[in-house]
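**Q** For reference, the file query_14.txt (compact mmCIF, C-alpha atoms and all ligand atoms) is included below:
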# COMPACT_ATOMS: atom_id res chain seq x y z
CA MET F 1 -7.23 -34.04 41.49
CA HIS F 2 -7.42 -30.27 41.96
CA LYS F 3 -5.74 -29.37 45.25
CA PRO F 4 -7.10 -26.07 46.59
CA VAL F 5 -4.26 -23.63 47.16
CA LEU F 6 -3.78 -21.79 50.48
CA LEU F 7 -7.00 -23.38 51.67
CA GLN F 8 -6.84 -22.86 55.45
CA GLU F 9 -5.26 -19.42 55.09
CA THR F 10 -7.95 -18.19 52.69
CA ILE F 11 -10.99 -19.46 54.57
CA ALA F 12 -9.67 -18.44 58.00
CA ASN F 13 -9.14 -14.91 56.68
CA LEU F 14 -12.45 -14.81 54.82
CA ILE F 15 -14.87 -15.74 57.61
CA THR F 16 -15.67 -13.03 60.17
CA ASP F 17 -19.22 -14.18 61.00
CA SER F 18 -20.18 -17.84 60.70
CA ASN F 19 -23.83 -16.80 60.12
CA GLY F 20 -22.88 -14.47 57.26
CA ILE F 21 -23.17 -14.33 53.48
CA TYR F 22 -20.12 -15.31 51.42
CA VAL F 23 -19.28 -15.34 47.72
CA ASP F 24 -16.70 -17.55 46.03
CA CYS F 25 -16.28 -15.88 42.62
CA THR F 26 -14.23 -18.80 41.22
CA LEU F 27 -16.02 -21.96 42.33
CA GLY F 28 -14.04 -24.38 40.11
CA GLY F 29 -14.10 -27.85 41.67
CA GLY F 30 -15.42 -26.31 44.90
CA GLY F 31 -12.35 -27.02 47.04
CA HIS F 32 -12.42 -23.66 48.83
CA PHE F 33 -16.21 -23.59 48.78
CA ARG F 34 -16.48 -26.92 50.59
CA HIS F 35 -14.13 -25.77 53.34
CA LEU F 36 -16.04 -22.49 53.59
CA LEU F 37 -19.34 -24.36 54.09
CA GLU F 38 -17.78 -26.61 56.71
CA ASN F 39 -16.96 -23.51 58.73
CA LEU F 40 -20.33 -21.76 58.39
CA SER F 41 -23.47 -22.18 60.51
CA PRO F 42 -26.73 -23.72 59.21
CA ILE F 43 -28.21 -20.23 58.68
CA ALA F 44 -25.30 -18.86 56.62
CA ARG F 45 -25.44 -18.41 52.86
CA ALA F 46 -22.79 -19.17 50.24
CA ILE F 47 -22.86 -18.16 46.59
CA GLY F 48 -20.54 -19.89 44.14
CA ILE F 49 -19.86 -18.37 40.73
CA ASP F 50 -18.09 -19.85 37.70
CA LYS F 51 -18.27 -18.90 34.06
CA ASP F 52 -17.55 -22.47 32.95
CA ILE F 53 -20.87 -24.33 32.66
CA ASP F 54 -19.20 -27.75 32.39
CA ILE F 55 -17.26 -27.22 35.63
CA LEU F 56 -20.31 -25.78 37.34
CA ASN F 57 -22.53 -28.71 36.39
CA GLN F 58 -19.94 -31.17 37.62
CA THR F 59 -19.37 -29.31 40.90
CA ARG F 60 -23.11 -28.76 41.44
CA LEU F 61 -23.50 -32.48 42.17
CA ASN F 62 -21.41 -32.11 45.35
CA PHE F 63 -23.39 -29.23 46.83
CA ASN F 64 -26.89 -30.29 47.63
CA ASP F 65 -27.12 -27.85 50.53
CA PRO F 66 -29.89 -25.31 51.26
CA ARG F 67 -27.27 -22.66 52.11
CA VAL F 68 -25.81 -22.80 48.60
CA THR F 69 -26.64 -20.87 45.41
CA LEU F 70 -24.55 -21.58 42.30
CA VAL F 71 -24.48 -19.15 39.40
CA GLN F 72 -22.99 -19.49 35.93
CA SER F 73 -21.61 -16.07 35.13
CA ASP F 74 -18.48 -14.00 34.74
CA PHE F 75 -17.54 -12.48 38.08
CA LYS F 76 -17.09 -9.14 36.33
CA ASP F 77 -20.90 -8.84 36.78
CA LEU F 78 -20.73 -9.49 40.54
CA LYS F 79 -22.95 -6.57 41.54
CA GLN F 80 -25.73 -7.61 39.21
CA ILE F 81 -25.45 -11.28 40.27
CA VAL F 82 -25.79 -10.32 43.92
CA GLN F 83 -28.65 -7.88 43.25
CA GLU F 84 -30.58 -10.54 41.35
CA LEU F 85 -30.33 -12.72 44.47
CA ASN F 86 -31.80 -9.84 46.52
CA ILE F 87 -28.66 -9.58 48.61
CA GLU F 88 -27.44 -6.15 49.66
CA LEU F 89 -24.23 -6.66 51.59
CA ILE F 90 -21.75 -9.49 51.87
CA ASP F 91 -19.47 -10.65 54.68
CA GLY F 92 -16.69 -12.08 52.54
CA ILE F 93 -15.73 -12.35 48.88
CA MET F 94 -12.98 -14.61 47.57
CA MET F 95 -11.29 -15.30 44.24
CA ASP F 96 -8.85 -18.05 43.30
CA LEU F 97 -7.85 -16.82 39.87
CA GLY F 98 -6.98 -18.60 36.64
CA VAL F 99 -7.83 -22.08 35.37
CA SER F 100 -8.50 -25.15 37.47
CA SER F 101 -6.81 -28.52 37.10
CA PHE F 102 -10.16 -29.85 35.84
CA GLN F 103 -9.98 -27.50 32.88
CA LEU F 104 -6.30 -28.30 32.25
CA ASP F 105 -6.92 -32.03 32.51
CA ILE F 106 -9.68 -32.12 29.90
CA ALA F 107 -7.52 -32.13 26.78
CA GLU F 108 -10.32 -31.07 24.45
CA ARG F 109 -10.60 -27.72 26.24
CA GLY F 110 -7.29 -26.78 24.62
CA PHE F 111 -5.64 -25.22 27.71
CA SER F 112 -2.78 -27.69 27.95
CA PHE F 113 0.44 -27.57 25.94
CA HIS F 114 1.03 -31.25 26.76
CA GLU F 115 -2.01 -32.70 24.99
CA ASP F 116 -3.15 -32.40 21.40
CA ALA F 117 -6.58 -30.78 21.07
CA PRO F 118 -8.37 -28.04 19.15
CA LEU F 119 -6.90 -24.64 20.02
CA ASP F 120 -9.83 -23.49 22.14
CA MET F 121 -8.99 -22.15 25.67
CA ARG F 122 -12.45 -20.67 26.35
CA MET F 123 -13.54 -20.88 29.98
CA ASN F 124 -17.06 -20.03 28.89
CA ARG F 125 -17.89 -22.28 25.96
CA GLU F 126 -20.81 -20.06 24.98
CA GLN F 127 -18.26 -17.43 24.01
CA VAL F 128 -17.57 -17.53 20.26
CA PHE F 129 -13.97 -16.31 20.23
CA THR F 130 -11.31 -19.02 20.68
CA ALA F 131 -7.51 -19.15 20.82
CA ALA F 132 -7.54 -20.43 17.20
CA ASP F 133 -9.44 -17.27 16.14
CA LEU F 134 -6.80 -15.19 17.86
CA VAL F 135 -3.68 -16.83 16.39
CA ASN F 136 -5.17 -17.12 12.90
CA ASN F 137 -6.59 -13.60 12.60
CA TYR F 138 -4.65 -11.15 14.74
CA SER F 139 -1.82 -9.15 13.16
CA ALA F 140 1.78 -9.90 14.10
CA ASP F 141 1.91 -6.69 16.17
CA GLU F 142 -1.24 -7.62 18.08
CA ILE F 143 0.15 -11.09 18.82
CA ILE F 144 3.49 -9.64 19.96
CA ASP F 145 1.61 -7.30 22.27
CA ILE F 146 -0.42 -10.14 23.82
CA LEU F 147 2.56 -12.50 24.27
CA PHE F 148 4.62 -9.72 25.75
CA LYS F 149 1.98 -8.13 27.97
CA TYR F 150 0.17 -11.21 29.26
CA GLY F 151 2.97 -13.77 29.07
CA GLU F 152 6.02 -11.56 29.68
CA GLU F 153 7.44 -13.70 26.84
CA SER F 154 10.85 -12.40 25.78
CA TYR F 155 10.65 -14.23 22.42
CA ALA F 156 7.26 -12.65 21.62
CA ARG F 157 8.59 -11.18 18.37
CA SER F 158 10.03 -14.38 16.92
CA ILE F 159 7.04 -16.45 18.04
CA ALA F 160 4.58 -13.99 16.44
CA LYS F 161 6.65 -13.96 13.25
CA ALA F 162 6.62 -17.78 13.16
CA ILE F 163 2.84 -17.88 13.74
CA VAL F 164 2.16 -15.42 10.92
CA GLY F 165 4.61 -17.25 8.59
CA TYR F 166 3.00 -20.64 9.28
CA ARG F 167 -0.56 -19.51 8.77
CA GLY F 168 0.40 -18.26 5.29
CA THR F 169 0.17 -21.91 4.26
CA LYS F 170 -2.43 -23.29 6.65
CA ASN F 171 -4.55 -22.30 9.64
CA ILE F 172 -3.23 -23.25 13.08
CA GLU F 173 -5.84 -25.61 14.47
CA SER F 174 -4.40 -27.62 17.33
CA THR F 175 -2.49 -27.04 20.56
CA LEU F 176 0.49 -29.21 19.56
CA GLU F 177 0.65 -27.54 16.14
CA LEU F 178 1.13 -24.25 17.99
CA VAL F 179 3.61 -25.81 20.43
CA ASP F 180 5.66 -26.97 17.42
CA ILE F 181 5.67 -23.50 15.87
CA ILE F 182 6.77 -21.99 19.19
CA LYS F 183 9.52 -24.60 19.68
CA ARG F 184 10.97 -23.80 16.27
CA ALA F 185 10.85 -20.04 16.96
CA VAL F 186 12.87 -20.03 20.21
CA PRO F 187 16.50 -21.02 20.91
CA ALA F 188 17.05 -24.64 22.01
CA ARG F 189 18.40 -23.57 25.41
CA TYR F 190 15.07 -21.87 26.15
CA SER F 191 13.31 -25.24 25.77
CA ARG F 192 15.73 -26.80 28.25
CA GLU F 193 14.78 -24.39 31.05
CA LYS F 194 10.97 -24.58 31.07
CA HIS F 195 8.37 -25.63 28.54
CA PRO F 196 8.83 -23.14 25.67
CA ALA F 197 5.06 -22.75 25.15
CA ARG F 198 4.23 -22.07 28.82
CA LYS F 199 4.25 -18.28 28.64
CA SER F 200 2.55 -18.11 25.23
CA PHE F 201 -0.26 -20.40 26.38
CA GLN F 202 -0.76 -18.31 29.51
CA ALA F 203 -0.85 -15.15 27.40
CA LEU F 204 -3.36 -16.55 24.90
CA ARG F 205 -5.59 -17.90 27.68
CA ILE F 206 -5.62 -14.52 29.44
CA ALA F 207 -6.45 -12.73 26.18
CA VAL F 208 -9.14 -15.19 25.04
CA ASN F 209 -10.93 -15.03 28.40
CA GLY F 210 -10.42 -11.32 29.11
CA GLU F 211 -9.06 -12.37 32.50
CA LEU F 212 -7.41 -9.12 33.52
CA GLU F 213 -10.37 -7.01 32.40
CA SER F 214 -12.71 -9.16 34.55
CA LEU F 215 -10.39 -8.78 37.53
CA GLN F 216 -10.18 -5.02 37.08
CA ARG F 217 -13.96 -4.82 36.88
CA VAL F 218 -14.80 -7.04 39.85
CA LEU F 219 -12.51 -5.46 42.45
CA PRO F 220 -14.37 -2.12 42.87
CA GLN F 221 -17.73 -3.95 42.88
CA ALA F 222 -16.46 -6.30 45.60
CA VAL F 223 -15.46 -3.35 47.80
CA GLN F 224 -18.88 -1.74 47.30
CA LEU F 225 -20.68 -4.96 48.21
CA LEU F 226 -18.73 -5.77 51.37
CA LYS F 227 -20.13 -4.99 54.82
CA SER F 228 -17.98 -2.92 57.12
CA GLY F 229 -15.50 -5.43 58.59
CA GLY F 230 -16.08 -7.81 55.64
CA ARG F 231 -13.10 -9.41 53.93
CA LEU F 232 -11.81 -9.55 50.36
CA CYS F 233 -9.40 -12.47 49.71
CA VAL F 234 -7.72 -12.82 46.32
CA ILE F 235 -5.30 -15.59 45.30
CA SER F 236 -3.29 -14.79 42.18
CA PHE F 237 -0.77 -16.89 40.29
CA HIS F 238 1.29 -14.49 38.24
CA SER F 239 2.72 -11.02 38.55
CA LEU F 240 0.18 -9.38 36.21
CA GLU F 241 -2.77 -10.42 38.34
CA ASP F 242 -0.97 -9.75 41.60
CA ARG F 243 0.04 -6.26 40.46
CA ILE F 244 -3.59 -5.39 39.71
CA VAL F 245 -4.78 -6.69 43.11
CA LYS F 246 -1.92 -5.09 45.03
CA GLN F 247 -2.27 -1.67 43.39
CA PHE F 248 -6.05 -1.71 43.74
CA MET F 249 -5.95 -2.64 47.42
CA GLN F 250 -3.20 -0.13 48.18
CA GLU F 251 -5.06 2.73 46.54
CA LYS F 252 -8.21 1.86 48.48
CA THR F 253 -6.29 2.21 51.76
CA LEU F 254 -5.45 5.86 51.04
CA ASP F 255 -7.31 8.93 52.26
CA CYS F 256 -5.82 11.01 49.45
CA ILE F 257 -4.60 10.12 45.96
CA CYS F 258 -3.56 13.63 44.86
CA PRO F 259 -0.08 13.90 43.26
CA PRO F 260 2.54 14.46 45.98
CA ASP F 261 3.38 17.98 44.72
CA PHE F 262 -0.20 19.27 45.20
CA PRO F 263 -0.23 21.85 48.00
CA ALA F 264 -3.66 20.70 49.28
CA CYS F 265 -5.89 17.67 48.79
CA ILE F 266 -8.55 18.10 46.11
CA CYS F 267 -9.37 14.42 45.42
CA ASP F 268 -11.99 13.68 48.09
CA HIS F 269 -10.72 10.11 48.09
CA ARG F 270 -11.46 8.25 51.31
CA ALA F 271 -9.90 4.97 52.42
CA GLN F 272 -12.29 2.03 52.07
CA LEU F 273 -9.94 -0.84 52.87
CA LYS F 274 -7.38 -1.83 55.46
CA LEU F 275 -4.74 -4.43 54.57
CA ILE F 276 -4.26 -7.49 56.76
CA SER F 277 -0.56 -7.33 55.89
CA ARG F 278 1.53 -5.44 53.35
CA LYS F 279 3.09 -8.65 52.08
CA PRO F 280 0.97 -11.35 50.47
CA ILE F 281 0.44 -14.68 52.22
CA VAL F 282 2.33 -17.44 50.39
CA ALA F 283 2.21 -21.22 50.65
CA SER F 284 4.27 -23.05 53.27
CA ALA F 285 7.26 -25.16 52.19
CA GLU F 286 5.14 -28.21 52.97
CA GLU F 287 2.28 -27.13 50.69
CA CYS F 288 4.75 -26.19 47.92
CA SER F 289 6.28 -29.66 48.10
CA MET F 290 2.86 -31.30 47.73
CA ASN F 291 1.33 -28.95 45.18
CA ALA F 292 3.56 -27.32 42.56
CA ARG F 293 0.80 -24.87 41.63
CA SER F 294 0.92 -23.31 45.10
CA ARG F 295 4.53 -22.13 44.60
CA SER F 296 3.47 -19.09 42.63
CA ALA F 297 0.31 -18.36 44.64
CA LYS F 298 -0.09 -15.05 46.49
CA LEU F 299 -3.04 -14.39 48.76
CA ARG F 300 -3.90 -10.76 49.49
CA VAL F 301 -6.48 -9.96 52.13
CA ALA F 302 -8.19 -6.63 52.80
CA VAL F 303 -10.88 -5.57 55.28
CA LYS F 304 -13.67 -3.13 54.38
CA ILE F 305 -13.57 -0.11 56.67
C1 LIG O 1 -8.32 -21.90 40.05
S1 LIG O 1 -9.94 -22.37 39.70
C2 LIG O 1 -10.76 -22.34 41.24
C3 LIG O 1 -10.58 -23.58 42.03
C4 LIG O 1 -11.37 -23.63 43.32
N1 LIG O 1 -11.03 -22.60 44.24
C5 LIG O 1 -11.22 -24.99 43.98
O1 LIG O 1 -10.59 -25.05 45.04
O2 LIG O 1 -11.71 -25.98 43.44
C6 LIG O 1 -10.61 -20.97 38.92
C7 LIG O 1 -12.02 -21.12 38.42
O3 LIG O 1 -12.53 -19.82 38.19
C8 LIG O 1 -13.23 -19.77 36.98
N2 LIG O 1 -13.08 -18.40 36.49
C9 LIG O 1 -11.97 -17.79 36.05
N3 LIG O 1 -12.23 -16.55 35.68
C10 LIG O 1 -13.55 -16.34 35.91
C11 LIG O 1 -14.43 -15.23 35.74
N4 LIG O 1 -13.99 -14.08 35.24
N5 LIG O 1 -15.71 -15.38 36.10
C12 LIG O 1 -16.17 -16.55 36.62
N6 LIG O 1 -15.40 -17.64 36.78
C13 LIG O 1 -14.11 -17.53 36.44
C14 LIG O 1 -12.59 -20.80 36.11
O4 LIG O 1 -13.53 -21.28 35.16
C15 LIG O 1 -12.17 -21.88 37.12
O5 LIG O 1 -13.13 -22.88 37.23
Show this structure as structure tokens.
**A**
Amino acid sequence: MHKPVLLQETIANLITDSNGIYVDCTLGGGGHFRHLLENLSPIARAIGIDKDIDILNQTRLNFNDPRVTLVQSDFKDLKQIVQELNIELIDGIMMDLGVSSFQLDIAERGFSFHEDAPLDMRMNREQVFTAADLVNNYSADEIIDILFKYGEESYARSIAKAIVGYRGTKNIESTLELVDIIKRAVPARYSREKHPARKSFQALRIAVNGELESLQRVLPQAVQLLKSGGRLCVISFHSLEDRIVKQFMQEKTLDCICPPDFPACICDHRAQLKLISRKPIVASAEECSMNARSRSAKLRVAVKI
């Protein structure tokens, strides 16, 4: 079962008008979406987006509600999605980033380092490029870069070397084949701390799905689309995502972004957001004890000025 993370905190911060229009950019199993609908009036509207058609079709069955529109798309195209629905401004936009437990639990999707499956990791199965394409075709330097940048993997070099060495004899086809290569490339003590493939799998998943690019693209569109007083709520699960959200929100709170040594402002930048709090909202001890995934979750909330 997918347990929605920071559920009450997100929806309470998101809703400012129970008759309004809301977008959940990461519908997944619809945990947040369901709670959102429960707190909206009969004349409100809620749009749910997910790029994973399998997840969307499964979730669709639970939302036979005239207020609901579900869209299969990448949220990086948020503005276009909203325009095609003839909506101009939105009261609240939320994102609960990353993969859902549904995706992790279906072994054949290739996201899990616990189950043997083809090395896939695509959230959108219409996309051609898979994790197997990446590990079998990218140069050692490109793989090092991905493992280091997206996984903050300190053994990126030895893992990339092992991948390139292995594929000299045979293509890497399955998740556990890759896990084995990783295990042999890192010191034994590393495997005792956490699963040795955890960071590499995260890095590959982020690269295959262009996750950080989508996030960077959606944030400015979300700000443009929000009504004055509307809320942007983003839940992230690792420092790379959180850094993007934090820096973006902070910059949008500033009336000037000129370098500090400029004698006068020449940037014409005007604040568009106000932060609900400087620090992110994190899960309570109780939620962390019931849902391990919530331990790394950070919710940042901003209000459109
Ligand atoms: C963590 S889950 C969301 C879970 C959901 N909030 C719930 O409570 O059931 C993230 C979902 O967002 C989707 N997703 C991730 N990146 C996306 C993107 N760029 N565009 C659209 N959907 C995306 C994934 O396919 C996944 O289903």
**Q** Of the candidates F:Ile181, F:Ala117, F:Ile49, F:Ile21, which shows the shortest atom-to-atom distance to ligand LIG 1 (chain O), using all atoms listed in the file?
**A**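 Comparing F:Ile181, F:Ala117, F:Ile49, F:Ile21 against ligand LIG 1 (chain O), the winner is F:Ile49.
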**Q** Distance table requested - chain F against ligand LIG 1 (chain O), cut-off 6 Å, all atoms listed in the file: one row per qualifying residue with the closest atom pair and its distance in Å to one decimal, ordered by chain and rising residue number, as a Markdown table.
**A**
| residue | atom | partner | partner_atom | distance |
| --- | --- | --- | --- | --- |
| F:Pro4 | CA | O:LIG1 | O1 | 4.0 |
| F:Thr26 | CA | O:LIG1 | O3 | 3.6 |
| F:Leu27 | CA | O:LIG1 | C4 | 5.0 |
| F:Gly28 | CA | O:LIG1 | O5 | 3.4 |
| F:Gly29 | CA | O:LIG1 | O2 | 3.5 |
| F:Gly30 | CA | O:LIG1 | O2 | 4.0 |
| F:Gly31 | CA | O:LIG1 | O1 | 3.3 |
| F:His32 | CA | O:LIG1 | O1 | 4.4 |
| F:Ile49 | CA | O:LIG1 | C12 | 5.8 |
| F:Asp50 | CA | O:LIG1 | N6 | 3.6 |
| F:Lys51 | CA | O:LIG1 | C12 | 4.1 |
| F:Asp52 | CA | O:LIG1 | O4 | 4.7 |
| F:Ser73 | CA | O:LIG1 | C12 | 5.7 |
| F:Asp74 | CA | O:LIG1 | N5 | 3.4 |
| F:Phe75 | CA | O:LIG1 | N5 | 4.0 |
| F:Lys76 | CA | O:LIG1 | N4 | 5.9 |
| F:Asp96 | CA | O:LIG1 | C1 | 5.1 |
| F:Leu97 | CA | O:LIG1 | C6 | 5.1 |
| F:Gly98 | CA | O:LIG1 | C6 | 4.9 |
| F:Val99 | CA | O:LIG1 | C6 | 4.6 |
| F:Ser100 | CA | O:LIG1 | S1 | 3.8 |
| F:Met123 | CA | O:LIG1 | O4 | 5.2 |
| F:Glu211 | CA | O:LIG1 | N4 | 5.9 |
| F:Ser214 | CA | O:LIG1 | N4 | 5.1 |
**Q** Given the choices F:Ala207, F:Val234, F:Ile144, F:Arg295, which gets closest to Glu9 of chain F if the distance is worked out from only C-alpha atoms?
**A**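 Comparing F:Ala207, F:Val234, F:Ile144, F:Arg295 against Glu9 of chain F, the winner is F:Val234.
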**Q** List the neighbours of Tyr22 of chain F out to 8 Å using only C-alpha atoms; skip same-chain residues closer than 4 positions along the sequence, and give me the result as a list of chain:residue names.
**A**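 Skipping anything fewer than 4 positions along the chain leaves F:Arg45, F:Ala46, F:Ile47, F:Ile90, F:Asp91, F:Gly92, F:Ile93.
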**Q** To one decimal place, how far is atom CA of Ile235 of chain F from atom CA of Met121 of chain F in Å?
**A** 21.0 Å
**Q** Given all atoms listed in the file as the basis, pick out the residue of F:Leu273, F:Met290, F:Ile87, F:Ala283 nearest to Arg231 of chain F.
**A** F:Leu273
**Q** To one decimal place, how far is atom CA of Ile244 of chain F from atom CA of Leu147 of chain F in Å?
**A**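 Spanning atom CA of Ile244 of chain F to atom CA of Leu147 of chain F is a straight-line distance of 18.1 Å.
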**Q** Between F:Ile159, F:Leu119, F:Val23, F:Leu14, which has the minimum distance to Lys304 of chain F (counting only C-alpha atoms)?
**A**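 The answer is F:Leu14, which sits nearest to Lys304 of chain F.
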**Q** With 12 Å as the threshold, what does the neighbourhood of (-12.8, -26.9, 54.7) contain in terms of residues, counting all atoms listed in the file? Coordinates are those of the file; answer as a count of residues only.
**A** 21
**Q** Excluding segment 169-176 of chain F and residues on its chain fewer than 6 positions from it, collect all residues at most 9 Å away from it, counting only C-alpha atoms, and give them as a compact mmCIF listing (two decimals) with C-alpha atoms, keeping the file's coordinate frame.
**A**
# COMPACT_ATOMS: atom_id res chain seq x y z
CA GLY F 110 -7.29 -26.78 24.62
CA PHE F 111 -5.64 -25.22 27.71
CA SER F 112 -2.78 -27.69 27.95
CA PHE F 113 0.44 -27.57 25.94
CA HIS F 114 1.03 -31.25 26.76
CA GLU F 115 -2.01 -32.70 24.99
CA ASP F 116 -3.15 -32.40 21.40
CA ALA F 117 -6.58 -30.78 21.07
CA PRO F 118 -8.37 -28.04 19.15
CA LEU F 119 -6.90 -24.64 20.02
CA ASP F 120 -9.83 -23.49 22.14
CA ALA F 132 -7.54 -20.43 17.20
CA VAL F 135 -3.68 -16.83 16.39
CA ASN F 136 -5.17 -17.12 12.90
CA ILE F 163 2.84 -17.88 13.74
**Q** Using all atoms listed in the file, pick whichever of F:Ser191, F:Arg167, F:Arg217, F:Phe201 has the shortest atom-to-atom distance to Asn137 of chain F.
**A**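 Closest residue, counting all atoms listed in the file: F:Arg167.
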